[in-house]
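Shown below: entry07.txt, with compact mmCIF, C-alpha atoms.
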```
# COMPACT_ATOMS: atom_id res chain seq x y z
CA ALA T 1 21.66 -25.48 -14.26
CA MET T 2 20.84 -27.84 -11.41
CA ALA T 3 24.28 -27.32 -9.86
CA LEU T 4 23.88 -23.53 -10.12
CA VAL T 5 20.55 -23.53 -8.26
CA CYS T 6 21.91 -25.88 -5.59
CA LEU T 7 25.03 -23.77 -5.09
CA ALA T 8 23.02 -20.57 -4.78
CA ALA T 9 20.65 -22.12 -2.27
CA TYR T 10 23.56 -23.54 -0.27
CA ARG T 11 25.17 -20.11 -0.03
CA VAL T 12 22.00 -18.72 1.53
CA GLY T 13 22.52 -21.02 4.49
CA ASP T 14 25.46 -18.89 5.59
CA SER T 15 24.50 -15.61 4.01
CA ARG T 16 25.60 -12.97 6.48
CA CYS T 17 27.45 -10.39 4.41
CA THR T 18 30.82 -9.05 5.47
CA SER T 19 30.51 -5.89 3.38
CA ALA T 20 27.88 -3.18 3.64
CA PRO T 21 24.55 -4.54 2.38
CA ARG T 22 22.55 -3.10 -0.47
CA PHE T 23 18.76 -3.14 -0.50
CA SER T 24 16.37 -2.82 -3.39
CA SER T 25 12.66 -2.71 -4.10
CA LYS T 26 10.54 -2.55 -7.21
CA LEU T 27 7.75 0.00 -7.53
CA PRO T 28 4.39 -0.93 -9.12
CA SER T 29 5.52 1.08 -12.16
CA GLY T 30 8.46 -1.31 -12.59
CA GLU T 31 11.09 1.21 -11.47
CA ARG T 32 13.75 -0.29 -9.20
CA ILE T 33 14.98 1.62 -6.14
CA VAL T 34 18.36 0.80 -4.60
CA CYS T 35 19.83 1.88 -1.26
CA SER T 36 23.58 1.23 -0.95
CA ILE T 37 24.14 2.84 2.47
CA ALA T 38 23.38 0.58 5.43
CA ASP T 39 21.78 2.90 7.95
CA VAL T 40 18.20 3.66 9.02
CA GLU T 41 18.15 7.23 7.75
CA SER T 42 19.32 6.30 4.24
CA PHE T 43 16.96 3.31 4.12
CA LEU T 44 13.92 5.44 4.96
CA HIS T 45 15.02 8.22 2.62
CA ALA T 46 15.19 5.74 -0.27
CA PHE T 47 12.07 3.66 0.33
CA ASN T 48 9.74 5.65 2.57
CA GLN T 49 8.43 8.05 -0.05
CA ALA T 50 4.94 9.49 0.35
CA PRO T 51 2.12 7.30 -1.02
CA THR T 52 0.62 8.40 -4.32
CA LYS T 53 -2.80 6.70 -4.26
CA VAL T 54 -4.45 8.62 -1.44
CA CYS T 55 -7.99 9.74 -2.16
CA PHE T 56 -11.21 11.02 -0.63
CA ARG T 57 -13.85 8.68 -2.03
CA ILE T 58 -17.57 9.41 -2.21
CA ILE T 59 -19.98 6.58 -3.09
CA GLY T 60 -23.70 7.08 -3.47
CA TYR T 61 -25.98 4.02 -3.54
CA HIS T 62 -29.49 3.62 -4.88
CA GLN T 63 -32.28 4.20 -2.41
CA GLU T 64 -33.30 0.93 -0.80
CA ILE T 65 -36.69 -0.22 -2.09
CA THR T 66 -38.68 -2.46 0.21
CA GLY T 67 -41.33 -5.00 -0.72
CA ILE T 68 -39.65 -6.41 -3.86
CA PRO T 69 -38.25 -9.96 -4.33
CA TRP T 70 -34.57 -10.50 -3.48
CA TYR T 71 -33.75 -11.68 -6.99
CA MET T 72 -34.82 -8.33 -8.43
CA LYS T 73 -32.39 -6.59 -6.10
CA VAL T 74 -29.60 -8.89 -7.26
CA TRP T 75 -30.16 -8.12 -10.92
CA ARG T 76 -30.48 -4.39 -10.49
CA GLN T 77 -27.37 -2.73 -11.98
CA PRO T 78 -25.37 -0.75 -11.21
CA PRO T 79 -25.40 -0.94 -7.40
CA HIS T 80 -24.42 2.70 -7.01
CA VAL T 81 -25.44 6.01 -8.51
CA PHE T 82 -21.97 7.56 -8.39
CA ASP T 83 -18.47 6.68 -7.23
CA VAL T 84 -15.90 9.47 -7.31
CA SER T 85 -12.39 9.73 -5.88
CA LEU T 86 -10.76 13.07 -5.13
CA ASP T 87 -6.96 12.96 -5.20
CA LEU T 88 -5.33 13.79 -1.87
CA ALA T 89 -1.74 12.90 -2.80
CA PRO T 90 -0.68 16.58 -3.19
CA PHE T 91 -1.71 17.20 0.44
CA VAL T 92 0.31 14.33 1.96
CA CYS T 93 3.40 15.33 3.97
CA SER T 94 6.68 14.08 2.57
CA GLU T 95 7.97 12.97 5.98
CA ALA T 96 6.45 10.11 7.94
CA GLU T 97 6.47 8.95 11.55
CA VAL T 98 7.89 5.52 12.42
CA CYS T 99 7.48 4.35 16.01
CA GLU T 100 10.47 3.34 18.14
CA GLU T 101 9.53 -0.34 18.07
CA HIS T 102 9.52 -0.42 14.29
CA LEU T 103 12.75 1.58 14.08
CA LEU T 104 14.42 -1.11 16.18
CA ILE T 105 13.05 -3.80 13.84
CA LEU T 106 14.44 -1.89 10.87
CA LYS T 107 17.83 -1.38 12.52
CA GLN T 108 18.08 -5.09 13.31
CA HIS T 109 17.07 -5.97 9.76
CA ILE T 110 19.83 -3.76 8.33
CA LEU T 111 22.55 -4.96 10.72
CA GLU T 112 21.93 -8.68 10.25
CA ALA T 113 22.00 -8.37 6.46
CA LYS T 114 20.89 -11.90 5.51
CA MET T 115 20.59 -12.35 1.76
CA MET T 116 17.04 -13.75 1.62
CA ASP T 117 15.53 -11.59 4.35
CA MET T 118 12.69 -9.32 3.29
CA LEU T 119 11.03 -6.36 4.91
CA THR T 120 7.58 -5.01 4.08
CA LEU T 121 7.17 -1.26 4.56
CA TRP T 122 3.49 -0.41 4.99
CA LYS T 123 2.47 3.19 4.35
CA THR T 124 -0.61 4.46 6.15
CA VAL T 125 -2.20 7.90 5.94
CA HIS T 126 -3.90 9.81 8.75
CA TRP T 127 -5.96 12.98 8.56
CA ASP T 128 -7.27 14.45 11.77
CA GLY T 129 -10.78 15.81 11.34
CA TRP T 130 -11.62 14.17 8.00
CA GLU T 131 -14.73 12.61 9.56
CA GLN T 132 -16.29 16.09 9.77
CA VAL T 133 -15.70 16.58 6.04
CA ALA T 134 -17.42 13.23 5.43
CA ALA T 135 -20.38 14.33 7.56
CA ASP T 136 -20.61 17.62 5.64
CA VAL T 137 -20.64 15.72 2.33
CA ARG T 138 -23.51 13.50 3.50
CA GLN T 139 -25.42 16.50 4.80
CA LYS T 140 -25.10 18.47 1.58
CA LEU T 141 -26.05 15.52 -0.60
CA GLY T 142 -29.16 15.09 1.54
CA ASP T 143 -29.96 18.80 1.22
CA LEU T 144 -29.60 18.48 -2.58
CA GLY T 145 -32.21 15.73 -2.62
CA PHE T 146 -30.13 12.56 -2.73
CA LYS T 147 -32.13 9.84 -0.95
CA GLY T 148 -29.75 6.87 -1.09
CA LYS T 149 -27.01 5.76 1.24
CA VAL T 150 -23.73 7.71 1.08
CA ASP T 151 -20.40 6.12 1.93
CA VAL T 152 -17.40 8.44 2.36
CA ARG T 153 -13.93 6.97 2.80
CA LEU T 154 -10.34 8.08 3.29
CA GLU T 155 -8.33 5.58 1.25
CA ASP T 156 -4.54 5.22 1.22
CA GLY T 157 -4.40 2.61 -1.54
CA ASN T 158 -2.90 -0.02 0.79
CA GLU T 159 0.52 1.03 -0.50
CA HIS T 160 3.56 -0.95 0.61
CA LEU T 161 7.02 -1.87 -0.58
CA ILE T 162 8.77 -5.22 -0.22
CA VAL T 163 12.45 -4.47 0.30
CA CYS T 164 14.93 -7.27 -0.42
CA HIS T 165 18.66 -7.71 -0.09
CA ASP T 166 20.36 -6.67 -3.32
CA HIS T 167 22.96 -9.47 -3.32
CA PRO T 168 23.53 -11.16 -6.74
CA VAL T 169 22.72 -14.63 -5.32
CA ALA T 170 19.54 -13.34 -3.68
CA ARG T 171 18.47 -11.63 -6.89
CA PHE T 172 19.03 -14.87 -8.81
CA LEU T 173 17.03 -17.00 -6.34
CA ARG T 174 14.12 -14.53 -6.52
CA SER T 175 14.19 -14.42 -10.32
CA ARG T 176 11.82 -16.23 -12.65
CA THR T 177 14.79 -18.06 -14.14
CA ALA T 178 15.61 -19.75 -10.84
CA LEU T 179 11.96 -20.58 -10.28
CA LEU T 180 11.68 -22.14 -13.74
CA LEU T 181 14.88 -24.14 -13.30
CA GLY T 182 13.71 -25.37 -9.94
CA HIS T 183 10.43 -26.65 -11.39
CA VAL T 184 11.95 -28.17 -14.52
CA THR T 185 14.79 -29.99 -12.75
CA GLY T 186 12.92 -30.83 -9.55
CA VAL T 187 15.57 -29.07 -7.48
CA GLY T 188 12.92 -26.73 -6.10
CA LEU T 189 11.60 -29.53 -3.88
CA PHE T 190 14.86 -29.36 -1.94
CA THR T 191 16.09 -25.81 -2.39
CA ILE T 192 12.85 -23.91 -1.62
CA PRO T 193 12.45 -25.36 1.93
CA HIS T 194 16.15 -24.69 2.50
CA VAL T 195 15.82 -21.08 1.40
CA LEU T 196 12.67 -20.53 3.47
CA ALA T 197 14.37 -21.98 6.54
CA PHE T 198 17.07 -19.31 6.37
CA SER T 199 14.88 -16.35 5.42
CA ARG T 200 13.00 -13.94 7.63
CA HIS T 201 10.18 -11.56 6.76
CA SER T 202 9.69 -8.46 8.91
CA SER T 203 7.14 -5.65 8.68
CA ILE T 204 7.15 -2.03 9.76
CA GLU T 205 4.65 0.80 9.39
CA SER T 206 5.19 4.44 8.55
CA LYS T 207 2.46 6.97 9.22
CA PHE T 208 2.01 9.88 6.85
CA CYS T 209 -0.37 12.75 7.55
CA ILE T 210 -2.43 15.05 5.37
CA ARG T 211 -1.42 18.63 6.02
CA THR T 212 -4.50 20.48 4.77
CA ASP T 213 -7.06 21.81 7.23
CA PRO T 214 -10.40 19.91 6.98
CA VAL T 215 -12.43 23.13 7.12
CA LYS T 216 -10.48 24.65 4.23
CA TYR T 217 -10.73 21.42 2.26
CA TRP T 218 -14.51 21.41 2.69
CA ASP T 219 -14.65 25.00 1.47
CA LEU T 220 -12.64 23.86 -1.56
CA ILE T 221 -14.87 20.94 -2.57
CA SER T 222 -18.30 21.96 -1.29
CA ILE T 223 -19.20 23.88 -4.45
CA GLY T 224 -18.69 20.75 -6.53
CA ILE T 225 -20.90 18.37 -4.53
CA SER T 226 -23.64 17.06 -6.80
CA ALA T 227 -26.62 14.77 -6.06
CA GLU T 228 -26.38 13.36 -9.60
CA HIS T 229 -22.65 12.78 -9.97
CA GLY T 230 -21.33 12.99 -6.42
CA PHE T 231 -18.83 15.63 -7.42
CA GLN T 232 -18.44 17.87 -10.45
CA VAL T 233 -15.72 20.36 -11.25
CA ARG T 234 -17.27 23.81 -11.55
```
Would you mind writing the structure in this file as structure tokens?
Amino acid sequence: AMALVCLAAYRVGDSRCTSAPRFSSKLPSGERIVCSIADVESFLHAFNQAPTKVCFRIIGYHQEITGIPWYMKVWRQPPHVFDVSLDLAPFVCSEAEVCEEHLLILKQHILEAKMMDMLTLWKTVHWDGWEQVAADVRQKLGDLGFKGKVDVRLEDGNEHLIVCHDHPVARFLRSRTALLLGHVTGVGLFTIPHVLAFSRHSSIESKFCIRTDPVKYWDLISIGISAEHGFQVR
């Protein structure tokens, strides 16, 4: 076992692949995605799927009461009256924008094809004009008699994928088996610094947009705004 870990770590030191590299990533659901074609278009097509945890979040807090001891404020539960999230994933465009600088980083990452290199693909969501929807929500809640503070957020779930080289040696070194063997045999004290010395971690960002018009979206949700629950389906 010790010889196997040492051999795998040694191979990483000269890990530039002569054949076309394969890349893989694991989704939060456990599903594994593989891209076997080494070009930017195929890479983005495989891994740059639209985020699924985008929401329009409305939080209503209790009205601040002055003149009471701080410890009474601490023990008052819950801190908010309502906290609702409206799903925006169906409105997110399937295609994203990646800037030229990040496309160059991705191209270099694909061409160099080192076994232990990793790339983090961050997925951000933009919606022009959503601030006006947030202002309309606050205004209507105030008109309905809600006296507390209202926080309205556009949340993208901080979604990202860590894409790794799909080489058998790289998969083994990233596995729990290799980690366990390294700890049990003590080889990890020597192999882990060696692996880290020959690995590189890059990051790129893709920008998705929400395609629905803010005015139409407000018309869609305005009837459900509630001072008691934040939002109710009616």
Among listed residues T:Leu103, T:Val137, T:Val152, T:Leu121, nearest T:Asp219 (using all atoms listed in the file)
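Closest candidate: T:Val137.
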Can you sort out the box for stretch 47-50 of chain T, edges along x, y and z, all listed atoms in, 3 Å on every side, with centre and edge lengths in Å to one decimal, as lines of an AutoDock Vina configuration file?
```
center_x = 8.5
center_y = 6.6
center_z = 1.3
size_x = 13.1
size_y = 11.8
size_z = 8.6
```
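Put simply, atom CA of T:Asn48 is 13.8 Å away from atom CA of T:Arg32.
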Near T:Lys123, within 7 Å and counting all atoms listed in the file, which residues show up once chain neighbours fewer than 5 positions away are dropped, as a PDB file with C-alpha atoms, in the frame of the given file?
```
ATOM      1  CA  PRO T  51       2.120   7.300  -1.020  1.00  0.00           C
ATOM      2  CA  GLU T 159       0.520   1.030  -0.500  1.00  0.00           C
ATOM      3  CA  HIS T 160       3.560  -0.950   0.610  1.00  0.00           C
ATOM      4  CA  GLU T 205       4.650   0.800   9.390  1.00  0.00           C
ATOM      5  CA  SER T 206       5.190   4.440   8.550  1.00  0.00           C
ATOM      6  CA  LYS T 207       2.460   6.970   9.220  1.00  0.00           C
TER       7      LYS T 207
END
```
Which polymer residues, protein or nucleic acid, are no farther than 12 Å from (-14.6, 15.9, 10.9), counting all atoms listed in the file, as a list of chain:residue names?
T:Trp127, T:Asp128, T:Gly129, T:Trp130, T:Glu131, T:Gln132, T:Val133, T:Ala134, T:Ala135, T:Asp136, T:Val137, T:Arg138, T:Val152, T:Leu154, T:Asp213, T:Pro214, T:Val215, T:Lys216, T:Tyr217, T:Trp218
Mind listing whatever residues come within 10 Å of the point (9.2, -2.1, -1.6)? Use all atoms listed in the file, file coordinates, and give them as a list in words.
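Residues lying no farther than 10 Å from the given point: Phe23, Ser24, Ser25, Lys26, Leu27, Pro28, Arg32, Ile33, Ala46, Phe47, Asn48, Met118, Leu119, Thr120, Leu121, Trp122, Glu159, His160, Leu161, Ile162, Val163 and Cys164 of chain T.
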Determine, counting all atoms listed in the file, which protein, DNA and RNA residues have an atom within 12 Å of an atom of stretch 84-89 of chain T; residues of the same chain fewer than 5 positions away are not included. Present the result as a compact mmCIF listing (two decimals) with C-alpha atoms, in the frame of the given file.
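Contents of result.txt, as written:
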```
# COMPACT_ATOMS: atom_id res chain seq x y z
CA GLN T 49 8.43 8.05 -0.05
CA ALA T 50 4.94 9.49 0.35
CA PRO T 51 2.12 7.30 -1.02
CA THR T 52 0.62 8.40 -4.32
CA LYS T 53 -2.80 6.70 -4.26
CA VAL T 54 -4.45 8.62 -1.44
CA CYS T 55 -7.99 9.74 -2.16
CA PHE T 56 -11.21 11.02 -0.63
CA ARG T 57 -13.85 8.68 -2.03
CA ILE T 58 -17.57 9.41 -2.21
CA ILE T 59 -19.98 6.58 -3.09
CA GLY T 60 -23.70 7.08 -3.47
CA SER T 94 6.68 14.08 2.57
CA VAL T 125 -2.20 7.90 5.94
CA HIS T 126 -3.90 9.81 8.75
CA TRP T 127 -5.96 12.98 8.56
CA TRP T 130 -11.62 14.17 8.00
CA VAL T 150 -23.73 7.71 1.08
CA ASP T 151 -20.40 6.12 1.93
CA VAL T 152 -17.40 8.44 2.36
CA ARG T 153 -13.93 6.97 2.80
CA LEU T 154 -10.34 8.08 3.29
CA GLU T 155 -8.33 5.58 1.25
CA ASP T 156 -4.54 5.22 1.22
CA GLY T 157 -4.40 2.61 -1.54
CA PHE T 208 2.01 9.88 6.85
CA CYS T 209 -0.37 12.75 7.55
CA ILE T 210 -2.43 15.05 5.37
CA ARG T 211 -1.42 18.63 6.02
CA THR T 212 -4.50 20.48 4.77
CA PRO T 214 -10.40 19.91 6.98
CA TYR T 217 -10.73 21.42 2.26
CA LEU T 220 -12.64 23.86 -1.56
CA ILE T 221 -14.87 20.94 -2.57
CA GLY T 224 -18.69 20.75 -6.53
CA ILE T 225 -20.90 18.37 -4.53
CA SER T 226 -23.64 17.06 -6.80
CA GLU T 228 -26.38 13.36 -9.60
CA HIS T 229 -22.65 12.78 -9.97
CA GLY T 230 -21.33 12.99 -6.42
CA PHE T 231 -18.83 15.63 -7.42
CA GLN T 232 -18.44 17.87 -10.45
CA VAL T 233 -15.72 20.36 -11.25
```
Between atom CA of T:Thr124 and atom CA of T:Asp39, what distance in Å does the model show, to one decimal?
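We find that atom CA of T:Thr124 and atom CA of T:Asp39 lie 22.5 Å from each other.
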Which residues are close to T:Ala227, i.e. within 6 Å by all atoms listed in the file, leaving aside same-chain residues fewer than 6 positions away? Reply as a ChimeraX atom specification.
/T:141,144,146
